[in-house]
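Raw model.cif, mmCIF, C-alpha atoms (C1' of nucleotides):
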```cif
data_start
#
loop_
_atom_site.group_PDB
_atom_site.id
_atom_site.type_symbol
_atom_site.label_atom_id
_atom_site.label_comp_id
_atom_site.auth_asym_id
_atom_site.auth_seq_id
_atom_site.Cartn_x
_atom_site.Cartn_y
_atom_site.Cartn_z
ATOM 1 C CA MET A 11 13.664 1.052 -29.040
ATOM 2 C CA ALA A 12 14.603 -2.650 -29.007
ATOM 3 C CA ASN A 13 12.927 -2.921 -32.373
ATOM 4 C CA LEU A 14 16.083 -1.638 -33.944
ATOM 5 C CA LYS A 15 18.036 -4.322 -35.718
ATOM 6 C CA TYR A 16 21.777 -4.472 -35.778
ATOM 7 C CA SER A 17 23.521 -3.394 -38.926
ATOM 8 C CA ARG A 18 27.201 -3.516 -39.767
ATOM 9 C CA GLN A 19 26.876 -0.268 -41.639
ATOM 10 C CA ARG A 20 25.471 1.629 -38.701
ATOM 11 C CA ALA A 21 28.104 0.123 -36.408
ATOM 12 C CA SER A 22 30.818 1.249 -38.783
ATOM 13 C CA ILE A 23 29.390 4.764 -38.972
ATOM 14 C CA LYS A 24 29.288 5.003 -35.193
ATOM 15 C CA GLU A 25 32.794 3.596 -34.925
ATOM 16 C CA TYR A 26 34.052 6.274 -37.262
ATOM 17 C CA LEU A 27 32.286 9.037 -35.360
ATOM 18 C CA MET A 28 33.732 7.823 -32.081
ATOM 19 C CA THR A 29 37.307 7.600 -33.266
ATOM 20 C CA THR A 30 37.644 10.645 -35.473
ATOM 21 C CA GLN A 31 38.728 13.913 -33.932
ATOM 22 C CA GLY A 32 36.876 16.135 -36.328
ATOM 23 C CA HIS A 33 33.241 16.893 -37.004
ATOM 24 C CA PRO A 34 32.548 15.297 -40.355
ATOM 25 C CA THR A 35 29.725 16.089 -42.713
ATOM 26 C CA ALA A 36 27.512 13.278 -43.960
ATOM 27 C CA ASP A 37 29.552 13.258 -47.123
ATOM 28 C CA THR A 38 32.839 12.839 -45.265
ATOM 29 C CA VAL A 39 31.384 9.964 -43.277
ATOM 30 C CA TYR A 40 30.191 8.468 -46.527
ATOM 31 C CA LEU A 41 33.657 8.615 -48.073
ATOM 32 C CA HIS A 42 35.211 6.906 -45.067
ATOM 33 C CA VAL A 43 32.660 4.169 -44.460
ATOM 34 C CA ARG A 44 32.859 3.448 -48.147
ATOM 35 C CA LYS A 45 36.323 1.978 -47.617
ATOM 36 C CA GLU A 46 34.749 -0.775 -45.557
ATOM 37 C CA PHE A 47 31.446 -0.940 -47.439
ATOM 38 C CA PRO A 48 32.095 0.092 -51.023
ATOM 39 C CA HIS A 49 28.417 -0.278 -51.877
ATOM 40 C CA ILE A 50 26.990 1.808 -49.050
ATOM 41 C CA SER A 51 24.772 4.626 -50.245
ATOM 42 C CA LEU A 52 24.679 8.213 -49.113
ATOM 43 C CA GLY A 53 21.042 7.789 -48.138
ATOM 44 C CA THR A 54 21.986 5.010 -45.722
ATOM 45 C CA VAL A 55 24.624 7.236 -44.158
ATOM 46 C CA TYR A 56 22.129 10.058 -43.685
ATOM 47 C CA ARG A 57 19.498 7.758 -42.233
ATOM 48 C CA ASN A 58 21.884 6.168 -39.752
ATOM 49 C CA LEU A 59 23.471 9.435 -38.724
ATOM 50 C CA ASN A 60 20.024 10.753 -37.902
ATOM 51 C CA LEU A 61 19.133 7.506 -36.123
ATOM 52 C CA LEU A 62 22.264 7.744 -33.988
ATOM 53 C CA ALA A 63 21.444 11.365 -33.219
ATOM 54 C CA GLU A 64 17.890 10.419 -32.206
ATOM 55 C CA MET A 65 19.183 7.652 -29.950
ATOM 56 C CA GLY A 66 21.537 10.109 -28.315
ATOM 57 C CA GLU A 67 24.622 8.270 -29.537
ATOM 58 C CA ALA A 68 25.742 11.185 -31.661
ATOM 59 C CA VAL A 69 25.104 14.883 -32.001
ATOM 60 C CA LYS A 70 23.960 16.724 -35.074
ATOM 61 C CA ILE A 71 25.545 20.145 -35.495
ATOM 62 C CA SER A 72 23.571 22.437 -37.762
ATOM 63 C CA THR A 73 25.676 25.143 -39.319
ATOM 64 C CA PRO A 74 24.173 27.794 -41.569
ATOM 65 C CA ASP A 75 27.345 27.644 -43.634
ATOM 66 C CA GLY A 76 27.508 24.388 -45.540
ATOM 67 C CA GLY A 77 26.065 21.050 -44.627
ATOM 68 C CA ASP A 78 25.279 19.634 -41.214
ATOM 69 C CA ARG A 79 28.041 18.000 -39.209
ATOM 70 C CA PHE A 80 28.041 15.096 -36.800
ATOM 71 C CA ASP A 81 29.885 14.561 -33.553
ATOM 72 C CA GLY A 82 30.466 11.317 -31.670
ATOM 73 C CA ASN A 83 31.072 13.259 -28.473
ATOM 74 C CA THR A 84 27.689 13.395 -26.757
ATOM 75 C CA HIS A 85 28.798 15.384 -23.726
ATOM 76 C CA PRO A 86 27.081 18.768 -23.788
ATOM 77 C CA HIS A 87 29.483 21.194 -25.396
ATOM 78 C CA TYR A 88 29.620 23.918 -28.009
ATOM 79 C CA HIS A 89 31.451 24.347 -31.277
ATOM 80 C CA VAL A 90 33.568 26.982 -32.957
ATOM 81 C CA VAL A 91 33.667 27.471 -36.709
ATOM 82 C CA CYS A 92 36.965 28.910 -37.918
ATOM 83 C CA THR A 93 36.076 31.650 -40.362
ATOM 84 C CA THR A 94 39.402 31.166 -42.121
ATOM 85 C CA CYS A 95 39.692 27.445 -42.741
ATOM 86 C CA GLY A 96 36.085 26.420 -42.082
ATOM 87 C CA ASP A 97 37.090 23.791 -39.566
ATOM 88 C CA VAL A 98 34.772 22.992 -36.654
ATOM 89 C CA MET A 99 36.263 22.523 -33.195
ATOM 90 C CA ASP A 100 34.982 21.589 -29.769
ATOM 91 C CA LEU A 101 34.506 24.174 -27.085
ATOM 92 C CA MET A 102 34.022 22.593 -23.692
ATOM 93 C CA MET A 103 32.098 24.753 -21.293
ATOM 94 C CA ASN A 104 30.891 24.330 -17.759
ATOM 95 C CA PRO A 105 27.491 22.566 -17.897
ATOM 96 C CA GLU A 106 26.484 24.950 -15.162
ATOM 97 C CA TYR A 107 27.052 27.870 -17.492
ATOM 98 C CA ILE A 108 25.049 26.171 -20.217
ATOM 99 C CA ARG A 109 22.055 26.005 -17.884
ATOM 100 C CA THR A 110 22.653 29.590 -16.840
ATOM 101 C CA ILE A 111 22.112 30.798 -20.395
ATOM 102 C CA ASN A 112 18.627 29.281 -20.518
ATOM 103 C CA LYS A 113 17.808 30.736 -17.140
ATOM 104 C CA LYS A 114 19.033 34.175 -18.155
ATOM 105 C CA ALA A 115 16.984 34.011 -21.330
ATOM 106 C CA SER A 116 13.845 33.049 -19.404
ATOM 107 C CA GLU A 117 14.065 36.320 -17.519
ATOM 108 C CA HIS A 118 13.585 38.171 -20.772
ATOM 109 C CA PHE A 119 10.912 35.999 -22.316
ATOM 110 C CA ASP A 120 7.271 35.663 -21.387
ATOM 111 C CA GLY A 121 7.159 31.905 -21.952
ATOM 112 C CA THR A 122 9.282 28.823 -21.400
ATOM 113 C CA ILE A 123 12.844 28.319 -22.578
ATOM 114 C CA ASP A 124 13.771 24.665 -22.942
ATOM 115 C CA SER A 125 17.032 24.599 -24.830
ATOM 116 C CA HIS A 126 19.272 26.509 -27.155
ATOM 117 C CA ARG A 127 21.719 26.133 -29.989
ATOM 118 C CA LEU A 128 24.904 28.133 -29.766
ATOM 119 C CA LEU A 129 27.590 28.258 -32.389
ATOM 120 C CA PHE A 130 30.718 30.380 -32.162
ATOM 121 C CA TYR A 131 32.714 31.960 -34.942
ATOM 122 C CA GLY A 132 36.360 32.828 -34.683
ATOM 123 C CA THR A 133 39.864 31.919 -35.725
ATOM 124 C CA CYS A 134 41.480 28.642 -34.784
ATOM 125 C CA PRO A 135 45.021 28.510 -33.323
ATOM 126 C CA LYS A 136 46.406 27.198 -36.591
ATOM 127 C CA CYS A 137 45.017 30.047 -38.675
ATOM 128 C CA GLY A 138 45.658 32.576 -35.902
ATOM 129 C CA ARG A 139 49.453 32.503 -35.986
ATOM 130 C CA ARG A 140 50.103 34.137 -39.307
ATOM 131 C CA MET B 9 28.208 51.268 -51.286
ATOM 132 C CA ALA B 10 26.927 54.279 -53.208
ATOM 133 C CA ASN B 11 27.015 52.154 -56.329
ATOM 134 C CA LEU B 12 23.698 50.721 -55.333
ATOM 135 C CA LYS B 13 20.834 52.002 -57.365
ATOM 136 C CA TYR B 14 17.436 52.657 -55.986
ATOM 137 C CA SER B 15 14.719 50.176 -56.648
ATOM 138 C CA ARG B 16 11.069 50.354 -55.679
ATOM 139 C CA GLN B 17 11.083 46.640 -55.018
ATOM 140 C CA ARG B 18 13.887 46.794 -52.473
ATOM 141 C CA ALA B 19 12.272 49.794 -50.791
ATOM 142 C CA SER B 20 9.033 47.881 -50.496
ATOM 143 C CA ILE B 21 10.790 44.833 -49.054
ATOM 144 C CA LYS B 22 12.537 46.977 -46.467
ATOM 145 C CA GLU B 23 9.310 48.778 -45.655
ATOM 146 C CA TYR B 24 7.622 45.468 -45.013
ATOM 147 C CA LEU B 25 10.443 44.209 -42.796
ATOM 148 C CA MET B 26 10.365 47.404 -40.751
ATOM 149 C CA THR B 27 6.636 47.391 -40.159
ATOM 150 C CA THR B 28 5.860 43.737 -39.602
ATOM 151 C CA GLN B 29 6.038 42.335 -36.119
ATOM 152 C CA GLY B 30 7.054 38.828 -37.101
ATOM 153 C CA HIS B 31 10.117 37.260 -38.640
ATOM 154 C CA PRO B 32 9.071 36.332 -42.147
ATOM 155 C CA THR B 33 10.724 33.832 -44.431
ATOM 156 C CA ALA B 34 11.737 34.902 -47.920
ATOM 157 C CA ASP B 35 8.564 33.270 -49.167
ATOM 158 C CA THR B 36 6.355 35.253 -46.795
ATOM 159 C CA VAL B 37 8.038 38.472 -47.877
ATOM 160 C CA TYR B 38 7.483 37.424 -51.458
ATOM 161 C CA LEU B 39 3.765 36.894 -50.915
ATOM 162 C CA HIS B 40 3.386 40.308 -49.318
ATOM 163 C CA VAL B 41 5.468 42.401 -51.682
ATOM 164 C CA ARG B 42 3.607 40.697 -54.476
ATOM 165 C CA LYS B 43 0.521 42.711 -53.550
ATOM 166 C CA GLU B 44 2.340 45.863 -54.565
ATOM 167 C CA PHE B 45 4.461 44.305 -57.310
ATOM 168 C CA PRO B 46 2.541 41.380 -58.769
ATOM 169 C CA HIS B 47 5.415 40.591 -61.119
ATOM 170 C CA ILE B 48 8.212 40.495 -58.586
ATOM 171 C CA SER B 49 10.130 37.248 -58.584
ATOM 172 C CA LEU B 50 11.271 35.166 -55.643
ATOM 173 C CA GLY B 51 14.868 35.544 -56.811
ATOM 174 C CA THR B 52 14.596 39.311 -56.527
ATOM 175 C CA VAL B 53 13.257 38.969 -52.995
ATOM 176 C CA TYR B 54 16.139 36.715 -51.995
ATOM 177 C CA ARG B 55 18.734 38.972 -53.584
ATOM 178 C CA ASN B 56 17.391 42.093 -51.906
ATOM 179 C CA LEU B 57 16.938 40.450 -48.517
ATOM 180 C CA ASN B 58 20.563 39.388 -48.620
ATOM 181 C CA LEU B 59 21.590 42.839 -49.827
ATOM 182 C CA LEU B 60 19.743 44.481 -46.933
ATOM 183 C CA ALA B 61 21.372 42.045 -44.533
ATOM 184 C CA GLU B 62 24.821 42.831 -45.941
ATOM 185 C CA MET B 63 24.190 46.554 -45.616
ATOM 186 C CA GLY B 64 23.162 46.042 -42.023
ATOM 187 C CA GLU B 65 19.613 47.201 -42.673
ATOM 188 C CA ALA B 66 18.178 43.805 -41.777
ATOM 189 C CA VAL B 67 19.176 40.627 -39.994
ATOM 190 C CA LYS B 68 19.178 37.137 -41.383
ATOM 191 C CA ILE B 69 18.113 34.487 -38.891
ATOM 192 C CA SER B 70 19.293 31.016 -39.812
ATOM 193 C CA THR B 71 17.157 28.306 -38.309
ATOM 194 C CA PRO B 72 17.995 24.625 -38.780
ATOM 195 C CA ASP B 73 14.286 23.939 -38.982
ATOM 196 C CA GLY B 74 12.881 25.305 -42.203
ATOM 197 C CA GLY B 75 14.020 28.259 -44.251
ATOM 198 C CA ASP B 76 15.901 31.338 -43.136
ATOM 199 C CA ARG B 77 14.012 34.225 -41.636
ATOM 200 C CA PHE B 78 14.554 37.965 -41.809
ATOM 201 C CA ASP B 79 14.187 40.675 -39.212
ATOM 202 C CA GLY B 80 13.953 44.432 -39.686
ATOM 203 C CA ASN B 81 15.072 44.982 -36.115
ATOM 204 C CA THR B 82 18.828 45.411 -36.318
ATOM 205 C CA HIS B 83 19.425 45.912 -32.622
ATOM 206 C CA PRO B 84 21.471 42.992 -31.280
ATOM 207 C CA HIS B 85 19.025 40.492 -29.856
ATOM 208 C CA TYR B 86 18.222 36.802 -29.868
ATOM 209 C CA HIS B 87 15.273 34.746 -30.999
ATOM 210 C CA VAL B 88 13.081 32.012 -29.608
ATOM 211 C CA VAL B 89 11.470 29.340 -31.747
ATOM 212 C CA CYS B 90 8.234 28.004 -30.272
ATOM 213 C CA THR B 91 8.429 24.236 -30.573
ATOM 214 C CA THR B 92 4.632 24.053 -30.628
ATOM 215 C CA CYS B 93 3.537 26.591 -33.224
ATOM 216 C CA GLY B 94 6.883 27.219 -34.937
ATOM 217 C CA ASP B 95 6.646 30.962 -34.470
ATOM 218 C CA VAL B 96 9.824 33.008 -34.011
ATOM 219 C CA MET B 97 9.882 35.727 -31.356
ATOM 220 C CA ASP B 98 12.332 38.373 -30.210
ATOM 221 C CA LEU B 99 14.296 37.966 -27.025
ATOM 222 C CA MET B 100 15.911 41.197 -25.939
ATOM 223 C CA MET B 101 18.973 40.696 -23.838
ATOM 224 C CA ASN B 102 21.481 43.001 -22.264
ATOM 225 C CA PRO B 103 24.183 43.745 -24.872
ATOM 226 C CA GLU B 104 26.603 43.429 -22.012
ATOM 227 C CA TYR B 105 25.574 39.815 -21.537
ATOM 228 C CA ILE B 106 25.934 39.135 -25.249
ATOM 229 C CA ARG B 107 29.561 40.242 -25.067
ATOM 230 C CA THR B 108 30.038 38.200 -21.908
ATOM 231 C CA ILE B 109 29.216 35.001 -23.760
ATOM 232 C CA ASN B 110 32.024 35.560 -26.263
ATOM 233 C CA LYS B 111 34.408 36.382 -23.464
ATOM 234 C CA LYS B 112 33.439 33.287 -21.518
ATOM 235 C CA ALA B 113 33.896 31.124 -24.590
ATOM 236 C CA SER B 114 37.358 32.573 -25.222
ATOM 237 C CA GLU B 115 38.468 31.226 -21.861
ATOM 238 C CA HIS B 116 37.798 27.727 -23.103
ATOM 239 C CA PHE B 117 39.195 28.046 -26.602
ATOM 240 C CA ASP B 118 42.784 28.312 -27.724
ATOM 241 C CA GLY B 119 42.052 30.829 -30.453
ATOM 242 C CA THR B 120 39.924 33.894 -31.088
ATOM 243 C CA ILE B 121 36.164 34.130 -30.675
ATOM 244 C CA ASP B 122 34.625 36.873 -32.777
ATOM 245 C CA SER B 123 30.906 36.269 -32.665
ATOM 246 C CA HIS B 124 28.215 33.711 -32.088
ATOM 247 C CA ARG B 125 24.786 32.638 -33.159
ATOM 248 C CA LEU B 126 22.344 31.744 -30.446
ATOM 249 C CA LEU B 127 18.840 30.456 -30.960
ATOM 250 C CA PHE B 128 16.485 29.447 -28.194
ATOM 251 C CA TYR B 129 13.777 26.810 -28.225
ATOM 252 C CA GLY B 130 10.773 26.862 -25.964
ATOM 253 C CA THR B 131 7.063 27.496 -25.726
ATOM 254 C CA CYS B 132 5.487 30.849 -26.437
ATOM 255 C CA PRO B 133 2.936 32.391 -24.040
ATOM 256 C CA LYS B 134 0.104 31.638 -26.434
ATOM 257 C CA CYS B 135 0.914 27.918 -26.635
ATOM 258 C CA GLY B 136 1.912 27.788 -22.971
ATOM 259 C CA ARG B 137 -1.515 28.366 -21.462
ATOM 260 C CA ARG B 138 -3.238 25.159 -22.414
ATOM 261 C "C1'" DG C 7 15.414 -23.174 -41.176
ATOM 262 C "C1'" DT C 8 11.307 -20.044 -41.941
ATOM 263 C "C1'" DG C 9 9.009 -15.957 -42.081
ATOM 264 C "C1'" DA C 10 8.294 -11.158 -40.473
ATOM 265 C "C1'" DT C 11 10.460 -7.019 -40.305
ATOM 266 C "C1'" DA C 12 13.821 -3.708 -40.695
ATOM 267 C "C1'" DA C 13 17.932 -2.201 -43.303
ATOM 268 C "C1'" DC C 14 20.105 -1.915 -47.536
ATOM 269 C "C1'" DA C 15 21.507 0.208 -52.378
ATOM 270 C "C1'" DG C 16 20.047 2.885 -55.868
ATOM 271 C "C1'" DT C 17 17.579 6.466 -57.498
ATOM 272 C "C1'" DA C 18 14.128 9.963 -57.699
ATOM 273 C "C1'" DA C 19 12.157 13.826 -55.436
ATOM 274 C "C1'" DT C 20 12.075 17.833 -52.564
ATOM 275 C "C1'" DG C 21 13.003 22.405 -50.688
ATOM 276 C "C1'" DA C 22 15.632 26.313 -50.093
ATOM 277 C "C1'" DT C 23 18.688 29.048 -52.200
ATOM 278 C "C1'" DT C 24 21.846 30.859 -55.836
ATOM 279 C "C1'" DA C 25 23.273 31.652 -60.652
ATOM 280 C "C1'" DT C 26 22.197 32.928 -65.430
ATOM 281 C "C1'" DT C 27 20.383 35.690 -69.040
ATOM 282 C "C1'" DA C 28 17.647 38.660 -71.700
ATOM 283 C "C1'" DT C 29 14.831 42.671 -70.787
ATOM 284 C "C1'" DA C 30 13.482 46.812 -68.292
ATOM 285 C "C1'" DA C 31 14.306 50.655 -65.189
ATOM 286 C "C1'" DT C 32 17.387 54.050 -63.241
ATOM 287 C "C1'" DT C 33 21.105 57.224 -63.148
ATOM 288 C "C1'" DA C 34 24.658 60.227 -65.486
ATOM 289 C "C1'" DG C 35 26.706 62.900 -69.172
ATOM 290 C "C1'" DT C 36 25.928 66.137 -72.707
ATOM 291 C "C1'" DA D 27 15.439 66.495 -72.148
ATOM 292 C "C1'" DC D 28 18.008 62.838 -74.850
ATOM 293 C "C1'" DT D 29 20.943 59.220 -75.119
ATOM 294 C "C1'" DA D 30 24.312 56.005 -73.328
ATOM 295 C "C1'" DA D 31 25.985 53.367 -69.539
ATOM 296 C "C1'" DT D 32 24.902 50.880 -65.656
ATOM 297 C "C1'" DT D 33 22.403 48.078 -62.627
ATOM 298 C "C1'" DA D 34 18.023 45.756 -61.277
ATOM 299 C "C1'" DT D 35 14.476 42.911 -62.680
ATOM 300 C "C1'" DA D 36 11.731 38.612 -64.104
ATOM 301 C "C1'" DA D 37 11.872 34.152 -65.384
ATOM 302 C "C1'" DT D 38 14.112 30.218 -65.527
ATOM 303 C "C1'" DA D 39 17.676 26.925 -64.799
ATOM 304 C "C1'" DA D 40 21.016 25.049 -61.751
ATOM 305 C "C1'" DT D 41 22.833 23.643 -57.321
ATOM 306 C "C1'" DC D 42 23.276 21.667 -52.936
ATOM 307 C "C1'" DA D 43 21.987 19.134 -49.005
ATOM 308 C "C1'" DT D 44 18.729 16.205 -47.593
ATOM 309 C "C1'" DT D 45 14.698 13.066 -47.609
ATOM 310 C "C1'" DA D 46 11.492 9.733 -49.680
ATOM 311 C "C1'" DC D 47 10.524 5.802 -52.486
ATOM 312 C "C1'" DT D 48 11.292 1.045 -54.555
ATOM 313 C "C1'" DG D 49 12.615 -3.315 -54.878
ATOM 314 C "C1'" DT D 50 16.127 -6.435 -52.761
ATOM 315 C "C1'" DT D 51 18.767 -8.381 -48.929
ATOM 316 C "C1'" DA D 52 20.077 -9.161 -44.147
ATOM 317 C "C1'" DT D 53 18.853 -9.824 -39.242
ATOM 318 C "C1'" DC D 54 16.282 -11.828 -35.593
ATOM 319 C "C1'" DA D 55 12.473 -14.330 -32.990
ATOM 320 C "C1'" DC D 56 10.448 -18.569 -33.204
#
```

What is this file in structure tokens?
Amino acid sequence: MANLKYSRQRASIKEYLMTTQGHPTADTVYLHVRKEFPHISLGTVYRNLNLLAEMGEAVKISTPDGGDRFDGNTHPHYHVVCTTCGDVMDLMMNPEYIRTINKKASEHFDGTIDSHRLLFYGTCPKCGRR
Amino acid sequence: MANLKYSRQRASIKEYLMTTQGHPTADTVYLHVRKEFPHISLGTVYRNLNLLAEMGEAVKISTPDGGDRFDGNTHPHYHVVCTTCGDVMDLMMNPEYIRTINKKASEHFDGTIDSHRLLFYGTCPKCGRR
DNA sequence: GTGATAACAGTAATGATTATTATAATTAGT
DNA sequence: ACTAATTATAATAATCATTACTGTTATCAC
């Protein structure tokens, strides 16, 4: 774990994830970090995003629609995909309830439930008023 | 809807989905249907699987790990991915509870929640006893 | 500083899926 | 049943997101 050297690029990627409100794709991160490091490559962005996710300093959000997204907010929470504009938003939920879902599932499964991925679909406030 | 012609290939794909216990990938379906139609192409399998899913005669299960899977069981239910063997199993849950999740999420989101995708991770009974 | 090691940029490769196109099968009209 | 119109097929090419590889450069322990 300590055998991970510092890199300006990774620091910049993390900085961007922490400050942005949205849930950027690797490509979006790439376009932004490029302003600071014009020669950064998309492969480096992917590698560092996955490194950050492994270290628990970021969260990878897999969506079946389009590419994966990344979130600097590591508190356990869910996400909503707006089916109109495609935007991804946070959905904070009681951690207690999150555990409850696993427990409930265990009752219906003859094995062990460790975790789950939950993604909501709906309409965001912006697209809703129309 | 009626402008959909019959095809032996699609019938065979559906037949396989209905009778198999598992949750095959497009490739697995391809390998099986091939026994009856040695000249079927993977593209045809994909197109018909998606057609069946659109018509509500099958369900597409998107997993972030590996390719999509398909299920002939169209009753609303969830799935568990065994983190040991990679197998995908059904997890029947009270439809009431499924609706409850959307309702609960709505309370924490300033917009509309229409649906959700939920995938569990755990250990299947077979891998568990070891 | 020096050298080992990890990170980098650039590019090639992969894997799953979708699009394209010419040919074949299926339905509909007569 | 015969022929034309329509739609599906097979084969291939294209796409998209992501990962792996290669040689070069930066970081860190000594």

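Atom pair atom C1' of C:DT23 / atom CA of B:Leu50 has a distance of 10.2 Å (rounded to one decimal).
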
Next on the checklist: Residues of chain D were defined as contacting chain A if any atom lay at most 12 Å from it, counting only C-alpha atoms (C1' of nucleotides); please report them as a list of chain:residue names.
Outcome noted: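 Result: D:DC42, D:DA43, D:DT44, D:DT45, D:DA46, D:DC47, D:DA52, D:DT53, D:DC54, D:DA55.
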
Worksheet item: Near chain A, which residues of chain B fall within 7 Å when you count all atoms listed in the file, and what do they look like as a list in words?
Response: Ser70, Pro72, Leu99, Met100, Met101, His116, Phe117, Asp118, Gly119, Thr120, Ile121, Asp122, Ser123, His124, Arg125, Leu126, Leu127, Phe128, Tyr129, Gly130, Thr131, Cys132, Pro133 and Gly136 of chain B

Stretch 24-33 of chain C, all listed atoms, 4 Å padding on each side: what axis-aligned box centre and edge lengths in Å to one decimal come out, as lines of an AutoDock Vina configuration file?
```
center_x = 18.4
center_y = 44.0
center_z = -63.8
size_x = 17.8
size_y = 34.4
size_z = 23.9
```

Selection under test: the PyMOL selection byres ((chain C) within 12 of (chain B)); residues as a ChimeraX atom specification:
/C:21-26,31-33

For the file shown, report as number ranges by chain the outcome of the PyMOL selection byres ((chain C and resi 15) around 10) at residue level. A: 49-54; C: 14, 16-17; D: 49-51

Can you give me, as number ranges by chain, the residues this file yields under the PyMOL selection byres ((chain D and resi 27) around 12)?
C: 36; D: 28-29
